[in-house]
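Note: the block below is work29.cif and it holds mmCIF, C-alpha atoms.
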```
data_target
#
loop_
_atom_site.label_atom_id
_atom_site.label_comp_id
_atom_site.auth_asym_id
_atom_site.auth_seq_id
_atom_site.Cartn_x
_atom_site.Cartn_y
_atom_site.Cartn_z
CA MET A 99 -30.18 2.34 9.38
CA LYS A 100 -30.06 -1.14 7.89
CA ILE A 101 -27.36 -2.54 5.63
CA VAL A 102 -26.31 -5.96 4.34
CA CYS A 103 -22.70 -6.91 3.49
CA THR A 104 -20.68 -10.06 3.09
CA LYS A 105 -18.48 -10.92 6.07
CA ALA A 106 -15.38 -10.69 3.84
CA ASP A 107 -16.19 -7.18 2.56
CA LEU A 108 -17.08 -6.00 6.05
CA LEU A 109 -13.88 -7.40 7.56
CA LYS A 110 -11.70 -5.85 4.84
CA ALA A 111 -13.24 -2.41 5.43
CA VAL A 112 -12.91 -2.70 9.21
CA MET A 113 -9.23 -3.68 8.96
CA ILE A 114 -8.51 -0.65 6.77
CA ALA A 115 -10.47 1.75 8.99
CA MET A 116 -8.83 0.47 12.19
CA ARG A 117 -5.48 1.92 11.07
CA ALA A 118 -6.67 5.43 12.01
CA VAL A 119 -8.32 4.66 15.35
CA PRO A 120 -6.55 6.40 18.26
CA VAL A 121 -5.48 4.37 21.28
CA ARG A 122 -6.92 7.04 23.55
CA ALA A 123 -8.99 10.03 22.49
CA THR A 124 -10.02 13.11 24.47
CA ILE A 125 -13.36 12.90 22.64
CA PRO A 126 -14.76 9.36 23.18
CA VAL A 127 -16.58 9.27 19.83
CA MET A 128 -13.20 9.45 18.05
CA GLU A 129 -12.50 5.91 19.30
CA CYS A 130 -15.37 4.80 17.07
CA ILE A 131 -15.88 3.86 13.46
CA LEU A 132 -18.40 6.23 11.93
CA ILE A 133 -20.71 4.17 9.71
CA GLN A 134 -22.77 6.09 7.18
CA ALA A 135 -25.30 4.67 4.72
CA ALA A 136 -26.45 7.40 2.38
CA ASN A 137 -26.70 8.25 -1.33
CA GLY A 138 -26.31 4.61 -2.30
CA GLN A 139 -22.95 4.25 -0.53
CA ILE A 140 -21.79 2.69 2.74
CA THR A 141 -18.70 4.36 4.20
CA PHE A 142 -16.57 3.70 7.28
CA THR A 143 -14.63 6.67 8.64
CA THR A 144 -11.98 6.85 11.38
CA ASN A 145 -9.82 9.75 12.51
CA ASP A 146 -7.03 10.02 15.09
CA MET A 147 -6.64 13.76 14.36
CA GLU A 148 -3.31 13.19 12.58
CA MET A 149 -4.55 10.67 10.04
CA GLY A 150 -8.07 9.93 8.85
CA ILE A 151 -9.40 7.11 6.69
CA GLU A 152 -12.62 6.80 4.72
CA THR A 153 -13.32 3.51 2.98
CA ILE A 154 -16.32 2.36 0.96
CA VAL A 155 -17.97 -0.94 1.89
CA PRO A 156 -19.69 -2.95 -0.85
CA GLY A 157 -23.20 -3.84 0.27
CA THR A 158 -26.91 -3.15 0.11
CA ILE A 159 -28.59 -0.23 1.87
CA LEU A 160 -32.07 -1.15 3.07
CA GLU A 161 -32.42 1.95 5.24
CA GLU A 162 -30.17 5.02 5.33
CA GLY A 163 -28.62 6.25 8.56
CA THR A 164 -25.50 6.98 10.60
CA ILE A 165 -23.97 5.51 13.75
CA ALA A 166 -20.62 5.65 15.56
CA ILE A 167 -19.63 2.24 16.97
CA ASP A 168 -16.74 1.43 19.30
CA ALA A 169 -14.05 0.49 16.79
CA ARG A 170 -12.20 -2.18 18.73
CA MET A 171 -15.32 -4.00 19.90
CA PHE A 172 -16.86 -3.87 16.43
CA SER A 173 -13.61 -5.13 14.91
CA ASP A 174 -13.45 -8.04 17.36
CA ILE A 175 -17.06 -8.95 16.63
CA VAL A 176 -16.65 -8.86 12.85
CA ARG A 177 -13.50 -11.00 12.95
CA LYS A 178 -15.31 -13.72 14.91
CA LEU A 179 -18.48 -13.82 12.78
CA PRO A 180 -19.21 -16.93 10.70
CA ASP A 181 -18.77 -16.69 6.92
CA PHE A 182 -22.28 -15.53 5.99
CA ASP A 183 -23.85 -12.27 4.91
CA VAL A 184 -24.02 -9.74 7.74
CA THR A 185 -27.00 -7.51 8.46
CA LEU A 186 -26.36 -4.39 10.53
CA SER A 187 -29.42 -2.51 11.73
CA VAL A 188 -29.73 0.46 14.11
CA ASP A 189 -32.82 1.44 16.11
CA GLU A 190 -33.89 4.86 17.39
CA LYS A 191 -31.96 4.32 20.66
CA MET A 192 -28.71 3.85 18.69
CA ILE A 193 -28.51 0.14 19.48
CA ALA A 194 -26.82 -1.70 16.65
CA THR A 195 -27.92 -5.27 15.97
CA ILE A 196 -25.47 -7.44 14.05
CA LEU A 197 -26.97 -10.60 12.52
CA CYS A 198 -24.87 -13.24 10.79
CA GLY A 199 -26.32 -16.70 10.27
CA LYS A 200 -27.56 -17.79 13.69
CA THR A 201 -25.30 -15.31 15.50
CA LYS A 202 -26.67 -12.07 16.93
CA PHE A 203 -24.88 -9.22 18.69
CA ASN A 204 -26.31 -6.04 20.18
CA LEU A 205 -23.88 -3.12 20.54
CA SER A 206 -24.54 0.37 21.88
CA GLY A 207 -23.59 3.19 19.52
CA LYS A 208 -23.47 6.98 19.44
CA GLU A 209 -25.01 9.63 17.25
CA GLY A 210 -21.68 10.64 15.75
CA ASP A 211 -22.47 14.37 15.66
CA ASP A 212 -19.19 15.14 17.48
CA PHE A 213 -17.12 13.00 15.10
CA THR A 214 -14.48 15.18 13.40
CA ALA A 215 -14.90 15.04 9.64
CA LEU A 216 -11.92 14.65 7.33
CA PRO A 217 -10.60 17.84 5.68
CA ALA A 218 -12.13 18.66 2.30
CA PHE A 219 -9.80 18.74 -0.72
CA GLU A 220 -10.00 20.41 -4.10
CA LYS A 221 -9.80 17.44 -6.47
CA GLU A 222 -8.58 19.25 -9.55
CA ASP A 223 -4.81 19.10 -9.08
CA TYR A 224 -3.12 15.83 -8.14
CA VAL A 225 -0.09 13.62 -8.70
CA ILE A 226 -0.75 10.11 -9.95
CA MET A 227 1.54 7.09 -9.63
CA SER A 228 1.53 3.32 -9.39
CA GLN A 229 0.49 1.87 -6.04
CA LEU A 230 3.29 -0.67 -6.31
CA THR A 231 5.89 2.05 -6.90
CA LEU A 232 4.72 4.10 -3.92
CA LYS A 233 4.54 1.02 -1.70
CA GLU A 234 8.10 -0.05 -2.59
CA THR A 235 9.44 3.50 -2.25
CA ILE A 236 8.04 3.77 1.28
CA GLN A 237 9.30 0.32 2.28
CA LYS A 238 12.80 1.08 0.97
CA THR A 239 13.12 4.32 2.99
CA ILE A 240 10.89 4.11 6.06
CA PHE A 241 13.48 2.24 8.15
CA SER A 242 15.62 5.40 8.32
CA ILE A 243 13.10 7.62 10.10
CA SER A 244 13.69 8.40 13.76
CA PRO A 245 11.46 6.52 16.24
CA SER A 246 11.71 9.51 18.60
CA ASP A 247 9.64 12.69 18.43
CA ASN A 248 12.53 14.79 19.80
CA ASN A 249 13.01 16.13 16.29
CA LYS A 250 9.60 15.97 14.60
CA LEU A 251 11.03 16.36 11.11
CA MET A 252 13.09 13.18 11.54
CA SER A 253 9.92 11.22 12.34
CA GLY A 254 8.60 11.85 8.82
CA GLU A 255 9.73 11.57 5.22
CA LEU A 256 10.35 14.32 2.71
CA PHE A 257 8.25 14.07 -0.45
CA GLU A 258 9.73 16.40 -3.06
CA ILE A 259 8.30 16.64 -6.57
CA ASN A 260 10.29 18.37 -9.27
CA GLY A 261 8.81 18.01 -12.73
CA SER A 262 8.45 14.30 -13.47
CA ARG A 263 10.62 13.16 -10.56
CA LEU A 264 9.55 12.26 -7.02
CA LYS A 265 12.29 12.19 -4.37
CA VAL A 266 11.58 10.57 -1.01
CA VAL A 267 14.04 11.09 1.85
CA SER A 268 14.26 9.83 5.42
CA LEU A 269 16.97 10.25 8.06
CA ASP A 270 17.49 9.62 11.76
CA GLY A 271 20.82 11.34 12.47
CA HIS A 272 22.92 8.23 11.79
CA ARG A 273 21.87 7.39 8.24
CA VAL A 274 19.95 8.71 5.26
CA ALA A 275 17.77 6.87 2.74
CA ILE A 276 16.92 8.48 -0.60
CA ARG A 277 14.80 7.10 -3.41
CA GLN A 278 14.05 8.86 -6.69
CA VAL A 279 11.11 7.78 -8.85
CA GLU A 280 10.33 8.81 -12.41
CA LEU A 281 6.65 9.76 -12.80
CA LYS A 282 4.67 9.41 -16.02
CA ASP A 283 3.87 13.13 -16.19
CA ALA A 284 5.48 16.40 -15.07
CA TYR A 285 3.99 18.31 -12.13
CA ALA A 286 4.40 21.61 -10.33
CA GLY A 287 7.09 21.55 -7.64
CA ARG A 288 6.07 20.43 -4.16
CA ARG A 289 8.02 19.80 -0.96
CA VAL A 290 6.22 18.36 2.09
CA VAL A 291 7.10 16.19 5.10
CA VAL A 292 4.70 13.29 5.68
CA PRO A 293 4.55 11.58 9.10
CA GLY A 294 6.20 8.17 9.18
CA LYS A 295 3.17 6.67 10.94
CA THR A 296 0.95 7.66 8.02
CA LEU A 297 3.35 6.16 5.49
CA GLN A 298 3.66 2.91 7.42
CA GLU A 299 -0.12 2.50 7.41
CA ILE A 300 -0.41 3.59 3.77
CA SER A 301 2.13 0.97 2.70
CA LYS A 302 -0.06 -1.74 4.26
CA ILE A 303 -3.16 -0.55 2.39
CA LEU A 304 -1.51 -0.09 -1.02
CA SER A 305 -1.76 -3.05 -3.38
CA GLY A 306 1.24 -4.81 -4.85
CA GLU A 307 -0.03 -4.37 -8.40
CA ALA A 308 1.80 -2.09 -10.84
CA ASP A 309 -1.41 -1.32 -12.76
CA ASP A 310 -3.26 -0.03 -9.68
CA GLU A 311 -2.94 3.73 -9.26
CA VAL A 312 -2.98 6.15 -6.34
CA LYS A 313 -3.61 9.89 -6.50
CA LEU A 314 -1.82 12.33 -4.18
CA TYR A 315 -3.52 15.64 -3.38
CA PHE A 316 -1.75 18.46 -1.55
CA MET A 317 -3.00 21.20 0.75
CA PRO A 318 -0.92 23.61 2.88
CA ASN A 319 -1.27 21.43 6.00
CA HIS A 320 -2.49 18.07 4.67
CA ILE A 321 -1.86 15.39 2.08
CA MET A 322 -4.46 12.97 0.73
CA PHE A 323 -3.87 9.54 -0.80
CA GLU A 324 -6.82 8.42 -2.91
CA LEU A 325 -7.08 4.74 -3.79
CA PRO A 326 -10.05 2.99 -5.38
CA GLY A 327 -12.60 2.80 -2.57
CA THR A 328 -10.34 4.24 0.13
CA THR A 329 -9.11 7.74 1.01
CA VAL A 330 -6.38 8.49 3.55
CA VAL A 331 -5.86 12.06 4.75
CA SER A 332 -2.87 13.03 6.88
CA SER A 333 -1.59 16.18 8.50
CA LEU A 334 1.89 17.26 7.41
CA ILE A 335 4.87 17.95 9.64
CA GLU A 336 5.63 21.65 9.75
CA GLY A 337 9.12 23.03 9.34
CA GLU A 338 11.89 23.27 6.77
CA TYR A 339 13.37 19.86 6.03
CA PHE A 340 17.12 19.34 6.12
CA ASP A 341 19.22 20.43 3.14
CA ILE A 342 19.87 16.98 1.75
CA ASP A 343 21.83 18.24 -1.24
CA ARG A 344 24.57 19.50 1.09
CA MET A 345 24.99 15.96 2.41
CA LEU A 346 25.44 14.44 -1.04
CA SER A 347 29.14 14.44 -1.81
CA ARG A 348 30.61 13.12 -5.05
CA ASP A 349 34.09 12.93 -3.51
CA TYR A 350 35.57 9.57 -2.60
CA GLU A 351 38.99 8.02 -2.07
CA THR A 352 37.89 4.40 -2.19
CA ARG A 353 35.20 2.68 -4.24
CA ILE A 354 34.35 -0.98 -3.90
CA ARG A 355 31.95 -3.15 -5.85
CA THR A 356 30.81 -6.48 -4.48
CA ASP A 357 28.02 -9.03 -4.39
CA ARG A 358 25.17 -7.56 -2.35
CA GLN A 359 23.86 -10.84 -0.94
CA GLN A 360 27.32 -12.03 0.08
CA LEU A 361 28.06 -8.75 1.86
CA MET A 362 24.69 -8.74 3.59
CA SER A 363 25.01 -12.38 4.70
CA CYS A 364 28.48 -11.75 6.09
CA ILE A 365 27.33 -8.74 8.12
CA ASP A 366 24.32 -10.73 9.31
CA ARG A 367 26.59 -13.48 10.62
CA ALA A 368 28.69 -10.89 12.43
CA SER A 369 25.53 -9.52 14.04
CA LEU A 370 25.23 -12.72 16.05
CA PHE A 371 27.76 -11.16 18.43
CA VAL A 372 25.83 -7.90 18.88
CA ARG A 373 23.27 -7.76 21.68
CA GLU A 374 20.41 -5.25 22.04
CA GLY A 375 21.83 -1.86 22.96
CA ASP A 376 25.40 -2.94 22.16
CA LYS A 377 27.28 -0.44 20.01
CA LYS A 378 29.96 -2.82 18.78
CA PRO A 379 30.75 -1.96 15.15
CA ILE A 380 31.62 -4.29 12.34
CA ILE A 381 35.10 -3.46 11.03
CA MET A 382 35.72 -3.38 7.28
CA ASP A 383 39.38 -3.70 6.30
CA ILE A 384 39.43 -2.96 2.58
CA GLN A 385 42.45 -4.02 0.55
CA ASP A 386 43.18 -4.94 -3.07
CA GLY A 387 40.91 -7.78 -4.18
CA PHE A 388 39.27 -8.55 -0.85
CA MET A 389 37.63 -7.04 2.21
CA LYS A 390 38.00 -8.51 5.70
CA LEU A 391 34.94 -8.04 7.90
CA SER A 392 35.42 -8.62 11.61
CA ILE A 393 33.72 -8.09 14.93
CA ASP A 394 34.98 -8.63 18.47
CA SER A 395 32.66 -8.49 21.48
CA ALA A 396 32.39 -9.90 24.99
CA ILE A 397 30.41 -12.81 23.53
CA GLY A 398 32.94 -13.81 20.91
CA SER A 399 34.51 -12.77 17.65
CA MET A 400 34.23 -13.44 13.93
CA ASP A 401 36.09 -12.51 10.78
CA GLU A 402 35.45 -13.29 7.15
CA ASP A 403 36.95 -12.31 3.79
CA ILE A 404 34.81 -11.47 0.78
CA ASP A 405 35.87 -10.74 -2.79
CA ILE A 406 35.60 -7.16 -4.04
CA GLU A 407 36.60 -4.92 -6.89
CA LYS A 408 38.48 -1.95 -5.43
CA GLU A 409 39.33 1.44 -6.84
CA GLY A 410 41.48 3.81 -4.78
CA ARG A 411 43.35 3.43 -1.52
CA ASP A 412 43.09 0.90 1.32
CA ILE A 413 40.88 1.88 4.24
CA VAL A 414 39.74 0.49 7.60
CA ILE A 415 36.33 1.72 8.77
CA GLY A 416 33.63 0.67 11.26
CA PHE A 417 29.82 0.65 10.93
CA ASN A 418 26.72 -0.26 12.88
CA PRO A 419 25.92 -3.65 11.30
CA ARG A 420 22.14 -3.18 11.46
CA PHE A 421 22.32 0.11 9.57
CA MET A 422 24.32 -1.52 6.79
CA ILE A 423 21.95 -4.50 6.58
CA ASP A 424 18.88 -2.24 6.40
CA ALA A 425 20.38 -0.37 3.46
CA LEU A 426 21.46 -3.52 1.61
CA LYS A 427 18.04 -5.15 2.08
CA ALA A 428 16.42 -2.17 0.35
CA ILE A 429 18.47 -2.68 -2.82
CA ASP A 430 17.37 -5.08 -5.57
CA GLU A 431 20.57 -5.23 -7.65
CA GLU A 432 22.88 -8.24 -7.40
CA GLU A 433 25.95 -6.03 -6.98
CA VAL A 434 26.40 -2.79 -5.06
CA SER A 435 28.90 0.05 -5.13
CA VAL A 436 30.13 1.58 -1.88
CA TYR A 437 31.94 4.94 -1.87
CA LEU A 438 34.26 5.92 1.01
CA LEU A 439 36.32 9.04 1.72
CA ASN A 440 38.01 8.36 5.07
CA PRO A 441 37.30 6.48 8.35
CA LYS A 442 35.46 9.50 9.80
CA ALA A 443 33.29 10.37 6.78
CA PRO A 444 29.92 8.83 5.81
CA CYS A 445 29.85 6.05 3.27
CA PHE A 446 27.55 6.19 0.25
CA ILE A 447 25.81 3.21 -1.31
CA ARG A 448 24.28 4.27 -4.62
CA ASP A 449 23.70 3.27 -8.22
CA GLU A 450 25.00 5.17 -11.24
CA ASN A 451 21.65 6.88 -11.94
CA GLU A 452 21.15 7.64 -8.23
CA THR A 453 17.67 6.12 -8.19
CA TYR A 454 18.75 5.09 -4.70
CA THR A 455 21.30 6.55 -2.28
CA TYR A 456 21.92 5.23 1.22
CA ILE A 457 24.27 7.13 3.53
CA VAL A 458 25.61 5.50 6.70
CA LEU A 459 27.75 7.30 9.26
CA PRO A 460 30.82 5.38 10.50
CA VAL A 461 31.40 4.35 14.12
CA ASN A 462 34.58 5.08 16.03
CA PHE A 463 36.48 2.00 17.20
CA VAL A 464 39.72 0.96 18.87
CA ARG A 465 41.68 -1.95 17.46
#
```

What does this structure look like when you write it as structure tokens?
Amino acid sequence: MKIVCTKADLLKAVMIAMRAVPVRATIPVMECILIQAANGQITFTTNDMEMGIETIVPGTILEEGTIAIDARMFSDIVRKLPDFDVTLSVDEKMIATILCGKTKFNLSGKEGDDFTALPAFEKEDYVIMSQLTLKETIQKTIFSISPSDNNKLMSGELFEINGSRLKVVSLDGHRVAIRQVELKDAYAGRRVVVPGKTLQEISKILSGEADDEVKLYFMPNHIMFELPGTTVVSSLIEGEYFDIDRMLSRDYETRIRTDRQQLMSCIDRASLFVREGDKKPIIMDIQDGFMKLSIDSAIGSMDEDIDIEKEGRDIVIGFNPRFMIDALKAIDEEEVSVYLLNPKAPCFIRDENETYTYIVLPVNFVR
């Protein structure tokens, strides 16, 4: 095999492919990037058995072939190459020679016969949407997944398609994040749970351009995201996702509307008195015309009043400040509406059209 690429194109492809390289693999070849030059196309493939990536590398094929190269070593080499065209050639002993300007590396490779190929998909039925929309939807929900694998379903996000609407849901037992997106076309109903790890990596690959599109393909056990030049395939999380509709109450006794940035900044200041692992809540004392936010810890205390519009009765309630900040950061509007029932019931932050809904469970406190 012999190929020629620019250093920039090679580095971009390596950085994308590295997102699906396992830290440790039972089969050593899976810790490699599979490089294939065939049919006029150079492709890099990686697979950690939960997520696989195939990306096309712009370049010239002088001789077709295949090799599996240690991903981390190859990545380190490419990053440190000078900014010239790169020639990668492989001899019959599977020794890869990397030439760039006056720099030369030799790196042992493998045949790649044991490399696990990505699942094949029927490419007739798919859902299409803007890359920017998908990227923002993931970023505005991913913070609510559980970092623990104790409940596998909580470590992923629900993707539910109903006609022309995509609903994405995440939860960790203390809060829920819901985003609803209007698609250009209507599609058959689908309901799958995508691993959070996959979505975190996908969000880094997706462009920030509204005109760029991504296609989503569905199989019983896998989902595929197809971008121009790059394909990401992921296994799905098995099991029946939580009945989110049962959590969505329209009842409330108190509704407040306030400036989002002011509320977020106030909570952020209060967070100065919360140390890692500390469960000290921020207390919201809601009265007519204003809300007093306070926190009292072993380090110190703080209280601040902010202006609000209030509908309903007065209420005093406590929340984990980080959970409230995460939700407020994910909202773009200047003002937010918060719905409360009682000091023991979850609060809802949502807009009138329910394009977003954030649910945060209260924290018990003693005054």

Could you give me, as CSV, a per-residue list for stretch 122-186 of chain A showing, wherever an atom lies at most 7 Å from an atom of stretch 100-108 of chain A, the closest pair of atoms and their distance in Å to one decimal, using only C-alpha atoms and sorting by chain then residue number from low to high?
```
residue,atom,partner,partner_atom,distance
A:Val155,CA,A:Asp107,CA,6.5
A:Pro156,CA,A:Asp107,CA,6.5
A:Gly157,CA,A:Cys103,CA,4.5
A:Thr158,CA,A:Val102,CA,5.1
A:Ile159,CA,A:Ile101,CA,4.6
A:Leu160,CA,A:Lys100,CA,5.2
A:Glu161,CA,A:Lys100,CA,4.7
A:Glu162,CA,A:Lys100,CA,6.7
A:Asp181,CA,A:Lys105,CA,5.8
A:Phe182,CA,A:Lys105,CA,6.0
A:Asp183,CA,A:Thr104,CA,4.3
A:Val184,CA,A:Cys103,CA,5.3
A:Thr185,CA,A:Val102,CA,4.5
A:Leu186,CA,A:Ile101,CA,5.3
```

Exercise. Would you kindly return, as a PyMOL selection string, each protein, DNA or RNA residue with an atom no farther than 10 Å from any atom of A:Val279, considering only C-alpha atoms and excluding same-chain residues fewer than 6 positions away?
Key: chain A and resi 227+231-232+235+259+262-266+453-454

Quiz prompt | Atomic distance atom CA of A:Phe142 - atom CA of A:Phe172, expressed in Å with one decimal | solution =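 So the two atoms, atom CA of A:Phe142 and atom CA of A:Phe172, lie 11.9 Å apart.
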
Practice problem: Between A:Tyr339, A:Phe203, A:Phe219, A:Phe213, single out the one closest to A:Phe257, counting only C-alpha atoms. | Solution: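 That would be A:Tyr339, the residue with the smallest distance to A:Phe257.
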
Exercise. List, as a list in words, every residue that the PyMOL selection byres ((chain A and resi 410) around 12) selects in the file provided.
Key: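 Given this file, the PyMOL selection byres ((chain A and resi 410) around 12) evaluates to Asp349, Tyr350, Glu351, Thr352, Arg353, Ile354, Arg355, Ile384, Gln385, Asp386, Gly387, Glu407, Lys408, Glu409, Arg411, Asp412, Ile413, Val436, Tyr437, Leu438, Leu439 and Asn440 of chain A.
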
Quiz item: Could you state the separation of atom CA of A:Val274 and atom CA of A:Asp401 in Å, given to one decimal place?
Solution: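 The value is 27.2 Å.
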
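Between atom CA of A:Gly163 and atom CA of A:Asp212 the separation is 15.7 Å.
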
Might I get the box with edges along x, y and z of the file that holds all atoms of stretch 378-390 of chain A listed there, padded by 5 Å on every side, given as centre and edge lengths in Å to one decimal, as lines of an AutoDock Vina configuration file?
```
center_x = 36.6
center_y = -5.3
center_z = 7.3
size_x = 23.2
size_y = 16.6
size_z = 33.0
```

Quiz item: Quick one: residues within 8 Å of stretch 303-309 of chain A, only C-alpha atoms counted, chain neighbours fewer than 2 positions away excluded, as number ranges by chain?
Solution: A: 114, 228-231, 233, 299-301, 311, 325

Okay, now the selection with C-alpha atoms, as a PDB file, in the frame of the given file?
```pdb
ATOM      1  CA  ILE A 114      -8.510  -0.650   6.770  1.00  0.00           C
ATOM      2  CA  SER A 228       1.530   3.320  -9.390  1.00  0.00           C
ATOM      3  CA  GLN A 229       0.490   1.870  -6.040  1.00  0.00           C
ATOM      4  CA  LEU A 230       3.290  -0.670  -6.310  1.00  0.00           C
ATOM      5  CA  THR A 231       5.890   2.050  -6.900  1.00  0.00           C
ATOM      6  CA  LYS A 233       4.540   1.020  -1.700  1.00  0.00           C
ATOM      7  CA  GLU A 299      -0.120   2.500   7.410  1.00  0.00           C
ATOM      8  CA  ILE A 300      -0.410   3.590   3.770  1.00  0.00           C
ATOM      9  CA  SER A 301       2.130   0.970   2.700  1.00  0.00           C
ATOM     10  CA  GLU A 311      -2.940   3.730  -9.260  1.00  0.00           C
ATOM     11  CA  LEU A 325      -7.080   4.740  -3.790  1.00  0.00           C
TER      12      LEU A 325
END
```

Quiz item: Between A:Leu179, A:Leu346, A:Ala218, A:Ala286, which is the closest to A:Leu109 once you count only C-alpha atoms?
Solution: A:Leu179

What does the PyMOL selection byres ((chain A and resi 369-371) around 12) select in this file, as a compact mmCIF listing (two decimals) with C-alpha atoms, in the coordinates of the input?
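expr19.txt, freshly written:
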```txt
# COMPACT_ATOMS: atom_id res chain seq x y z
CA MET A 362 24.69 -8.74 3.59
CA SER A 363 25.01 -12.38 4.70
CA CYS A 364 28.48 -11.75 6.09
CA ILE A 365 27.33 -8.74 8.12
CA ASP A 366 24.32 -10.73 9.31
CA ARG A 367 26.59 -13.48 10.62
CA ALA A 368 28.69 -10.89 12.43
CA VAL A 372 25.83 -7.90 18.88
CA ARG A 373 23.27 -7.76 21.68
CA GLU A 374 20.41 -5.25 22.04
CA GLY A 375 21.83 -1.86 22.96
CA ASP A 376 25.40 -2.94 22.16
CA LYS A 377 27.28 -0.44 20.01
CA LYS A 378 29.96 -2.82 18.78
CA PRO A 379 30.75 -1.96 15.15
CA ILE A 380 31.62 -4.29 12.34
CA ILE A 381 35.10 -3.46 11.03
CA LEU A 391 34.94 -8.04 7.90
CA SER A 392 35.42 -8.62 11.61
CA ILE A 393 33.72 -8.09 14.93
CA ASP A 394 34.98 -8.63 18.47
CA SER A 395 32.66 -8.49 21.48
CA ALA A 396 32.39 -9.90 24.99
CA ILE A 397 30.41 -12.81 23.53
CA GLY A 398 32.94 -13.81 20.91
CA SER A 399 34.51 -12.77 17.65
CA MET A 400 34.23 -13.44 13.93
CA ASP A 401 36.09 -12.51 10.78
CA PHE A 417 29.82 0.65 10.93
CA ASN A 418 26.72 -0.26 12.88
CA PRO A 419 25.92 -3.65 11.30
CA ARG A 420 22.14 -3.18 11.46
CA PHE A 421 22.32 0.11 9.57
CA MET A 422 24.32 -1.52 6.79
CA ILE A 423 21.95 -4.50 6.58
```

Quiz item: Pick the closest to A:Thr239 from A:Asp146, A:Asp270, A:Asp223, A:Asp343: which is it, counting all atoms listed in the file?
Solution: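 Among A:Asp146, A:Asp270, A:Asp223, A:Asp343, it is A:Asp270 that comes nearest to A:Thr239.
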
Self-check item: Output check: residues returned by the PyMOL selection byres ((chain A and resi 224) around 12), as a list of chain:residue names
Solution: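 This file, filtered by the PyMOL selection byres ((chain A and resi 224) around 12), leaves A:Phe219, A:Glu220, A:Lys221, A:Glu222, A:Asp223, A:Val225, A:Ile226, A:Met227, A:Ile259, A:Asp283, A:Ala284, A:Tyr285, A:Ala286, A:Gly287, A:Arg288, A:Val312, A:Lys313, A:Leu314, A:Tyr315, A:Phe316, A:Met317, A:Ile321, A:Met322, A:Phe323, A:Glu324.
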